[in-house]
Structure formats: structure tokens, C-alpha cells
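**Student:** One structure coming up, written as C-alpha cells, with questions to follow.
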Protein chains: 2
Amino acid sequence: MTTARSSTRPQLIDDVAQLRQRLASAREAGLNVGLVPTMGALHEGHLSLVDACRRECGLVVVTIFVNPTQFGPHEDFARYPRDLQSDLQLLAAHGADVVFAPQTEAMYRDRHCTYVEMTGPAETLEGDSRPGHFRGVATIVLKLFNLVQPERAYFGRKDFQQSLVVRRMVADLDLPIKIVVCPLVREPDGLAKSSRNVFLSQSERGRALSLSQSLVTARQMVSDGQADVAAIVTAMREKLAAADVEIDYVAICDRDTLRPLEKLDGPAVALVAARVGQTRLIDNELLEGPS
Amino acid sequence: MTTARSSTRPQLIDDVAQLRQRLASAREAGLNVGLVPTMGALHEGHLSLVDACRRECGLVVVTIFVNPTQFGPHEDFARYPRDLQSDLQLLAAHGADVVFAPQTEAMYRDRHCTYVEMTGPAETLEGDSRPGHFRGVATIVLKLFNLVQPERAYFGRKDFQQSLVVRRMVADLDLPIKIVVCPLVREPDGLAKSSRNVFLSQSERGRALSLSQSLVTARQMVSDGQADVAAIVTAMREKLAAADVEIDYVAICDRDTLRPLEKLDGPAVALVAARVGQTRLIDNELLEGPS
């Protein structure tokens, strides 16, 4: 999966002015710029985005910034995993050119008072469960877009709703950026890769499998001809309840608007969020509708 | 004031794709791009921005768009003056290269759901009087910035708070754009130039002078050594009340934060908004503080 490159370390930048300078010289050299925005604690999901960016862009910029404004006051901002040295080694192996890892103060300066607010696909699911989350996501992503001005930016389908929100923002604000959404990456047993998986105890790790398994159930029911969304959601909820995880939501929605569907008669997406012990996890699967 | 150019008509564009194409070829030709965003109904104030842009930029782009999202439901969106043919003639005489005058549907497409929300300098004065106004202003200005990607953008000091809000947005969102704020342009008798002045009857036109005269009073008092803001504001209000205009606000504020001052001990700005008949007018003057 990794492209064959010498694994020289990427250039680590924490300063906005230095980043702009680096990008200006890349542009002068005629390179097209790709951006992979991350919060670090990189796993194979992130690295697949870097690989895609490496294949398609002349300059690969990865940002590592645990963005405080997308965490609620009682969420896990403080304990979110951070390991810059390990991240840099992984990014070197995957051929990133520039890693921008600013301090919080470099991104939110004194008197910062501008935020991106979205309705539509940002209002439901994660938007319901985590008030202000997408305001923080959209704001930081827009700032990174403005700083890096990439031709292409890469997001993972693991955060399905986020990728939709970002695509919507790009369209609504007329940003000249192509958003590339890459496939979700799973562990061999099906658990979706997540930086938060490190928080799971061995028993929680087992129970967490119920998220992906509930999606397998949904997919199986659809391929068996089930088109009634309520029946599928009930089966998914039973799977999750049996594993004793605390369900946040289970939903089957239109892929573009995230409006909940009643009947499956075309492409859809099943989304699930649940708390396993102290750790909140999300997962999703595309459903094609009955064939 | 006008630069000596042949007054060939600027290229009129109403389509986003065509605008992007025009800008791409200008960039390839090595031109730096300047933007003058307007709502049309152009007067000498706007034209002074075009002149400044013409002096400093290789490609002068003027946008004409009466932006519905910055008008409240009971404001004058429907009757706001519109005269594209006259605007184009004036812009030809002032050497504009491109005029982008889109339809509403080209700027706010189906399912538009993304807005820029600001606190800080957007919350007071016009922000208080016109809820949602700066949300609309910031959103459309950001969209125009993203479409045109100018090196420089020109705003008039007539809308002092707007220029502050735009500068704040540019800083907070890391936009690589220089905001140039040009002097306020007045009629010979002192009335600030405004597209809305056409709404004034002859008697209202006389009473409207009280806005600029209240600012002259403020300036005079400061140059006479008055540093007590309450005393200055009282004198300004008396001037306005004597002309029988309906005061919206009279304020003397910090120039960067728009926080109201109690004592003048440095640079400040006096701002006034009042309704003359059906027409709401604003004006402002810089105060230097006692010398």
C-alpha cells in the first residue's frame, strides 16, 4: 500500500508564516498541493489518506492539530491521544512532505471571533449528540484550507457525516478545492480503525465489535431483500444492546442530506454511535438498497 | 481622480464558472487581482474604491450583488436601488476590467446551509440594530473572496464597522488577502455618500445633514479639549434630536474592538445611525483624542 519512497522525515512546521512560505515555493515549482487534515494519533485509516494524496499530488501536506473547538466541555479533548514522534515516523514512511502541527495559540489567536455555522447535514446525528462539534470542525477545516490552499483535500469515510459537512461547506462557500473521501479502514475483525480505540480495555474491545457487526446485520438484511428501515434499525439495536453498549443513535439516512429514510429504495447509509465504557465510537456502512 | 484610460466597457459576467475562467487566465498572465465588492447603485464612494484598486492591481474586479442574507425581513431589500446600466457606464469610465453581477440563485444555491457567524465587533451597533446583518455580510464577502481570490480587496470607511468585521474575519480565517479601507466620501455639504440617499425627500435631505453635523460637533468638542465621552454623546444626540431624526445609536468606541469608551485618551471612532423618514442612514468620524 505504501508507495516506494525513501523515508526521509517530512518537514515539521508549527508556524503559519513558515507554512505559507513553504507552500509558495512549492507552487512556484509547479507542484499541486494535497492536504490531509488530522488530529494525529495516526492509524492505517489516516495513512491510507496520505497514500492517496501521495499518488495524486506533488506536495503532500499533513496537518496534526487536536482542535479544541470541536470538543464539547465534557468530551475527551484533554485525554485525546497525542504522539507526534510516532506520527512523524509513520508519515515519513508514507512519503508526506510537510507536517503542519501548530500550537493552539497559533490557530486561535487573541480575540478570535469568527466561526462557520452550518445547518442541513450538520444538524442531525453527531450534530445532535455533540452540540457545536461541526461548528468547530468546519471552522478549523476552513482555516486549514485557507492556509494551505490545496487543490485536493482527503477525508475518511469513517467520519461519514463530517465528510458530507465538509463537502457542503466547500460547495456553499465556493472553495476551489476537490474533496476526496477515502474508504473506511477496519481491523481484521471488523472494528473501524479509530484513534480512540486505544482507550478500550480488552473486554470493551470485544463489546465494541457490536458496532461493525450491527452494520453487517443491516447489510445482510438488505441483501436478503429487507427494505423496511424500522425493521433493520430494530435488528441493529438488538445487536448493540446484546453487547451492553450504550447506544447514542442508529440511523439509516439519505447519503446526501442525512435525512432519515423510512424505506430503502436506493443508495443509503447506515450510521451508528455508541458509548463503550467511557469511549464513544462511531461507524457506518453504505447500503445499496434492495437489488 | 479618474485614471486616464479608454472607457471600454468592462466584461460583464454573471456565471461562476466563467468568472473562474477569466480569473485563471488573468493569473496566468501574471496580473494581481483586486476586488471591489458592491451592491451596485454606485456613487463616488464606490468609485473611489475602484480608483484605488485600479492604481494598485493588474485586474480590477467589481462585484454587484444585492445580497439578500444581509437584509432583515422588514428591511429595504426589495426597494434597494438597482441600476446595472448606469453602474456599467461609471465602471467603464473608472477602468474596471470585470464586473461580476450574479443572480441570487447563482450565489445561494439549493440547500445552501453554511454561514459565517461572528461575535466581537459584529455584536454591537449595526449588529444589535440589524440581527443577522453581519452574518449575511461575512458570508457573502467570504464567498466572493473564494470566487475571486484577490490579493487585495477594497472597502469604504463609510461602513466602518463592516470594514472592521471583514478585517477580523480575514485574520481569524487566515485568508491571504489584504483589506484596504478607503476614506469616506461626502457631499459638499457633508452628507455621507450612500446609495440610500436617493430615498430622501428634499426636507429629509436637509434633516439628514444632522448626522454629519453631529460628528462635526464631536470633532470640535474633542479639539476644544473635551475628553468626557458622555458629554460628547449628549451634544451629538441634541444635534440629531433638533433635526427630528429617529436616533438608532450614537457611540464613541475603540477603533479595533468597537467597545464603548468612557474617556477619550487616544484614537477612537464616533458612530451614528438614525432613521430619516423611512430611510436608515449611518455615518462615522475618526476622533484622535485630545492633543
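By order of appearance in the C-alpha cells: chains A, B, ..., then residues from 1 within every chain, and ligands from 1 in the order shown.
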Near chain A, meaning an atom within 8 Å, which residues of chain B appear when counting only C-alpha atoms? Write them as a list of chain:residue names.
**Tutor:**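 Taken together, these residues fit the definition: B:Tyr108, B:Arg109, B:Arg111, B:His112, B:Cys113, B:Thr114, B:Tyr115, B:Val116, B:Glu117, B:Met118, B:Thr119, B:Gly120, B:Thr139, B:Leu142, B:Lys143, B:Asn146, B:Leu147, B:Arg168, B:Met169, B:Asp172, B:Leu173, B:Asp174, B:Leu175, B:Pro176.
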**Student:** Determine, counting only C-alpha atoms, which protein, DNA and RNA residues have an atom within 6 Å of an atom of segment 53-68 of chain B; residues of the same chain fewer than 4 positions away are not included. Present the result as a ChimeraX atom specification.
**Tutor:** /B:31-40,96-101
**Student:** Please list as JSON, numbers by chain every residue within 12 Å of His74 of chain B, counting only C-alpha atoms and excluding residues in the same chain fewer than 3 positions away.
**Tutor:** {"B": [68, 70, 71, 77, 78, 79, 130, 131, 278]}
**Student:** Quote the spacing between atom CA of Val216 of chain A and atom CA of Asp248 of chain A in Å to one decimal place.
**Tutor:**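 Interatomic distance, atom CA of Val216 of chain A to atom CA of Asp248 of chain A: 18.4 Å.
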**Student:** Looking only at the backbone, which of the residues in segment 28-232 of chain A does DSSP tag as alpha helix (DSSP H), as a PDB file with C-alpha atoms, in the first residue's frame?
**Tutor:**
```pdb
ATOM      1  CA  GLU A  28       6.453  28.299  -7.838  1.00  0.00           C
ATOM      2  CA  GLU A  44      -3.928   2.950   8.958  1.00  0.00           C
ATOM      3  CA  GLY A  45      -7.073   4.932   8.153  1.00  0.00           C
ATOM      4  CA  HIS A  46      -5.161   8.216   8.178  1.00  0.00           C
ATOM      5  CA  LEU A  47      -2.235   6.644   6.346  1.00  0.00           C
ATOM      6  CA  SER A  48      -4.498   5.475   3.529  1.00  0.00           C
ATOM      7  CA  LEU A  49      -5.433   9.150   3.048  1.00  0.00           C
ATOM      8  CA  VAL A  50      -1.750  10.090   2.928  1.00  0.00           C
ATOM      9  CA  ASP A  51      -1.144   7.333   0.372  1.00  0.00           C
ATOM     10  CA  ALA A  52      -3.997   8.578  -1.816  1.00  0.00           C
ATOM     11  CA  CYS A  53      -2.705  12.146  -1.527  1.00  0.00           C
ATOM     12  CA  ARG A  54       0.840  10.978  -2.369  1.00  0.00           C
ATOM     13  CA  ARG A  55      -0.421   9.276  -5.525  1.00  0.00           C
ATOM     14  CA  GLU A  56      -2.318  12.332  -6.736  1.00  0.00           C
ATOM     15  CA  LEU A  84       3.904  13.427  17.460  1.00  0.00           C
ATOM     16  CA  GLN A  85       7.115  11.387  17.255  1.00  0.00           C
ATOM     17  CA  SER A  86       5.309   8.220  16.256  1.00  0.00           C
ATOM     18  CA  ASP A  87       3.144  10.205  13.820  1.00  0.00           C
ATOM     19  CA  LEU A  88       6.234  11.691  12.153  1.00  0.00           C
ATOM     20  CA  GLN A  89       7.811   8.261  11.693  1.00  0.00           C
ATOM     21  CA  LEU A  90       4.646   6.926  10.081  1.00  0.00           C
ATOM     22  CA  LEU A  91       4.347   9.971   7.849  1.00  0.00           C
ATOM     23  CA  ALA A  92       7.973   9.636   6.782  1.00  0.00           C
ATOM     24  CA  ALA A  93       7.304   6.050   5.749  1.00  0.00           C
ATOM     25  CA  THR A 104      -3.499  26.023  19.788  1.00  0.00           C
ATOM     26  CA  GLU A 105      -2.491  29.688  20.118  1.00  0.00           C
ATOM     27  CA  ALA A 106      -1.275  29.776  16.504  1.00  0.00           C
ATOM     28  CA  MET A 107      -4.694  28.705  15.243  1.00  0.00           C
ATOM     29  CA  GLU A 126     -23.280  13.895  15.574  1.00  0.00           C
ATOM     30  CA  GLY A 127     -24.622  17.443  15.431  1.00  0.00           C
ATOM     31  CA  ASP A 128     -27.404  16.467  17.833  1.00  0.00           C
ATOM     32  CA  SER A 129     -25.173  14.450  20.136  1.00  0.00           C
ATOM     33  CA  HIS A 133     -18.950  19.860  17.089  1.00  0.00           C
ATOM     34  CA  PHE A 134     -19.403  20.679  13.409  1.00  0.00           C
ATOM     35  CA  ARG A 135     -19.042  24.392  14.063  1.00  0.00           C
ATOM     36  CA  GLY A 136     -15.563  23.564  15.359  1.00  0.00           C
ATOM     37  CA  VAL A 137     -14.834  21.116  12.541  1.00  0.00           C
ATOM     38  CA  ALA A 138     -15.983  23.462   9.779  1.00  0.00           C
ATOM     39  CA  THR A 139     -14.113  26.415  11.254  1.00  0.00           C
ATOM     40  CA  ILE A 140     -10.775  24.623  11.609  1.00  0.00           C
ATOM     41  CA  VAL A 141     -11.069  22.891   8.244  1.00  0.00           C
ATOM     42  CA  LEU A 142     -11.794  26.230   6.565  1.00  0.00           C
ATOM     43  CA  LYS A 143      -8.795  27.803   8.301  1.00  0.00           C
ATOM     44  CA  LEU A 144      -6.544  24.948   7.164  1.00  0.00           C
ATOM     45  CA  PHE A 145      -7.937  25.238   3.631  1.00  0.00           C
ATOM     46  CA  ASN A 146      -7.144  28.959   3.640  1.00  0.00           C
ATOM     47  CA  LEU A 147      -3.654  28.405   4.990  1.00  0.00           C
ATOM     48  CA  VAL A 148      -2.705  25.544   2.692  1.00  0.00           C
ATOM     49  CA  PHE A 160     -19.170   9.970   7.014  1.00  0.00           C
ATOM     50  CA  GLN A 161     -21.148  12.927   8.305  1.00  0.00           C
ATOM     51  CA  GLN A 162     -18.005  15.035   8.613  1.00  0.00           C
ATOM     52  CA  SER A 163     -17.068  14.361   5.005  1.00  0.00           C
ATOM     53  CA  LEU A 164     -20.576  15.382   3.966  1.00  0.00           C
ATOM     54  CA  VAL A 165     -20.429  18.555   6.047  1.00  0.00           C
ATOM     55  CA  VAL A 166     -17.052  19.473   4.556  1.00  0.00           C
ATOM     56  CA  ARG A 167     -18.274  18.843   1.001  1.00  0.00           C
ATOM     57  CA  ARG A 168     -21.316  21.005   1.713  1.00  0.00           C
ATOM     58  CA  MET A 169     -19.169  23.809   3.131  1.00  0.00           C
ATOM     59  CA  VAL A 170     -16.853  23.714   0.124  1.00  0.00           C
ATOM     60  CA  ALA A 171     -19.819  23.976  -2.241  1.00  0.00           C
ATOM     61  CA  ASP A 172     -21.628  26.667  -0.241  1.00  0.00           C
ATOM     62  CA  GLN A 202      -9.841  -5.922  26.444  1.00  0.00           C
ATOM     63  CA  SER A 203     -13.472  -6.537  27.380  1.00  0.00           C
ATOM     64  CA  GLU A 204     -14.591  -3.232  25.866  1.00  0.00           C
ATOM     65  CA  ARG A 205     -12.663  -4.106  22.696  1.00  0.00           C
ATOM     66  CA  GLY A 206     -14.841  -7.191  22.375  1.00  0.00           C
ATOM     67  CA  ARG A 207     -18.082  -5.353  23.017  1.00  0.00           C
ATOM     68  CA  ALA A 208     -17.059  -2.580  20.570  1.00  0.00           C
ATOM     69  CA  LEU A 209     -17.270  -5.140  17.767  1.00  0.00           C
ATOM     70  CA  SER A 210     -21.049  -4.893  18.053  1.00  0.00           C
ATOM     71  CA  LEU A 211     -20.943  -1.608  16.125  1.00  0.00           C
ATOM     72  CA  SER A 212     -19.479  -3.079  12.950  1.00  0.00           C
ATOM     73  CA  GLN A 213     -21.488  -6.267  13.483  1.00  0.00           C
ATOM     74  CA  SER A 214     -24.723  -4.281  13.609  1.00  0.00           C
ATOM     75  CA  LEU A 215     -23.759  -2.846  10.219  1.00  0.00           C
ATOM     76  CA  VAL A 216     -23.041  -6.320   8.856  1.00  0.00           C
ATOM     77  CA  THR A 217     -26.513  -7.282  10.051  1.00  0.00           C
ATOM     78  CA  ALA A 218     -28.003  -4.301   8.216  1.00  0.00           C
ATOM     79  CA  ARG A 219     -26.160  -5.157   5.040  1.00  0.00           C
ATOM     80  CA  GLN A 220     -27.226  -8.797   5.263  1.00  0.00           C
ATOM     81  CA  MET A 221     -30.878  -7.884   5.802  1.00  0.00           C
ATOM     82  CA  VAL A 222     -30.805  -5.551   2.803  1.00  0.00           C
ATOM     83  CA  SER A 223     -29.233  -8.195   0.579  1.00  0.00           C
ATOM     84  CA  VAL A 229     -35.845   0.730   7.702  1.00  0.00           C
ATOM     85  CA  ALA A 230     -37.569   0.288  11.069  1.00  0.00           C
ATOM     86  CA  ALA A 231     -37.029  -3.479  10.912  1.00  0.00           C
ATOM     87  CA  ILE A 232     -33.337  -3.061  10.090  1.00  0.00           C
TER      88      ILE A 232
END
```
**Student:** Please list as a VMD selection string every residue within 8 Å of segment 258-274 of chain A, counting only C-alpha atoms and excluding residues in the same chain fewer than 4 positions away.
**Tutor:** chain A and resid 121 124 161 211 215 218 227 to 230 245 to 254 280 to 290
**Student:** Please identify the strand (DSSP E or B) residues within segment 29-275 of chain B (assignment by DSSP from backbone atoms) and present them as a ChimeraX atom specification.
**Tutor:** /B:33-38,59-64,98-100,114-118,152-156,178-182,186,192,228,246-253,260,263,268-275
**Student:** As an exercise, work out the distance from atom CA of His43 of chain A to atom CA of Val185 of chain A in Å and give it to one decimal place.
**Tutor:** 9.3 Å
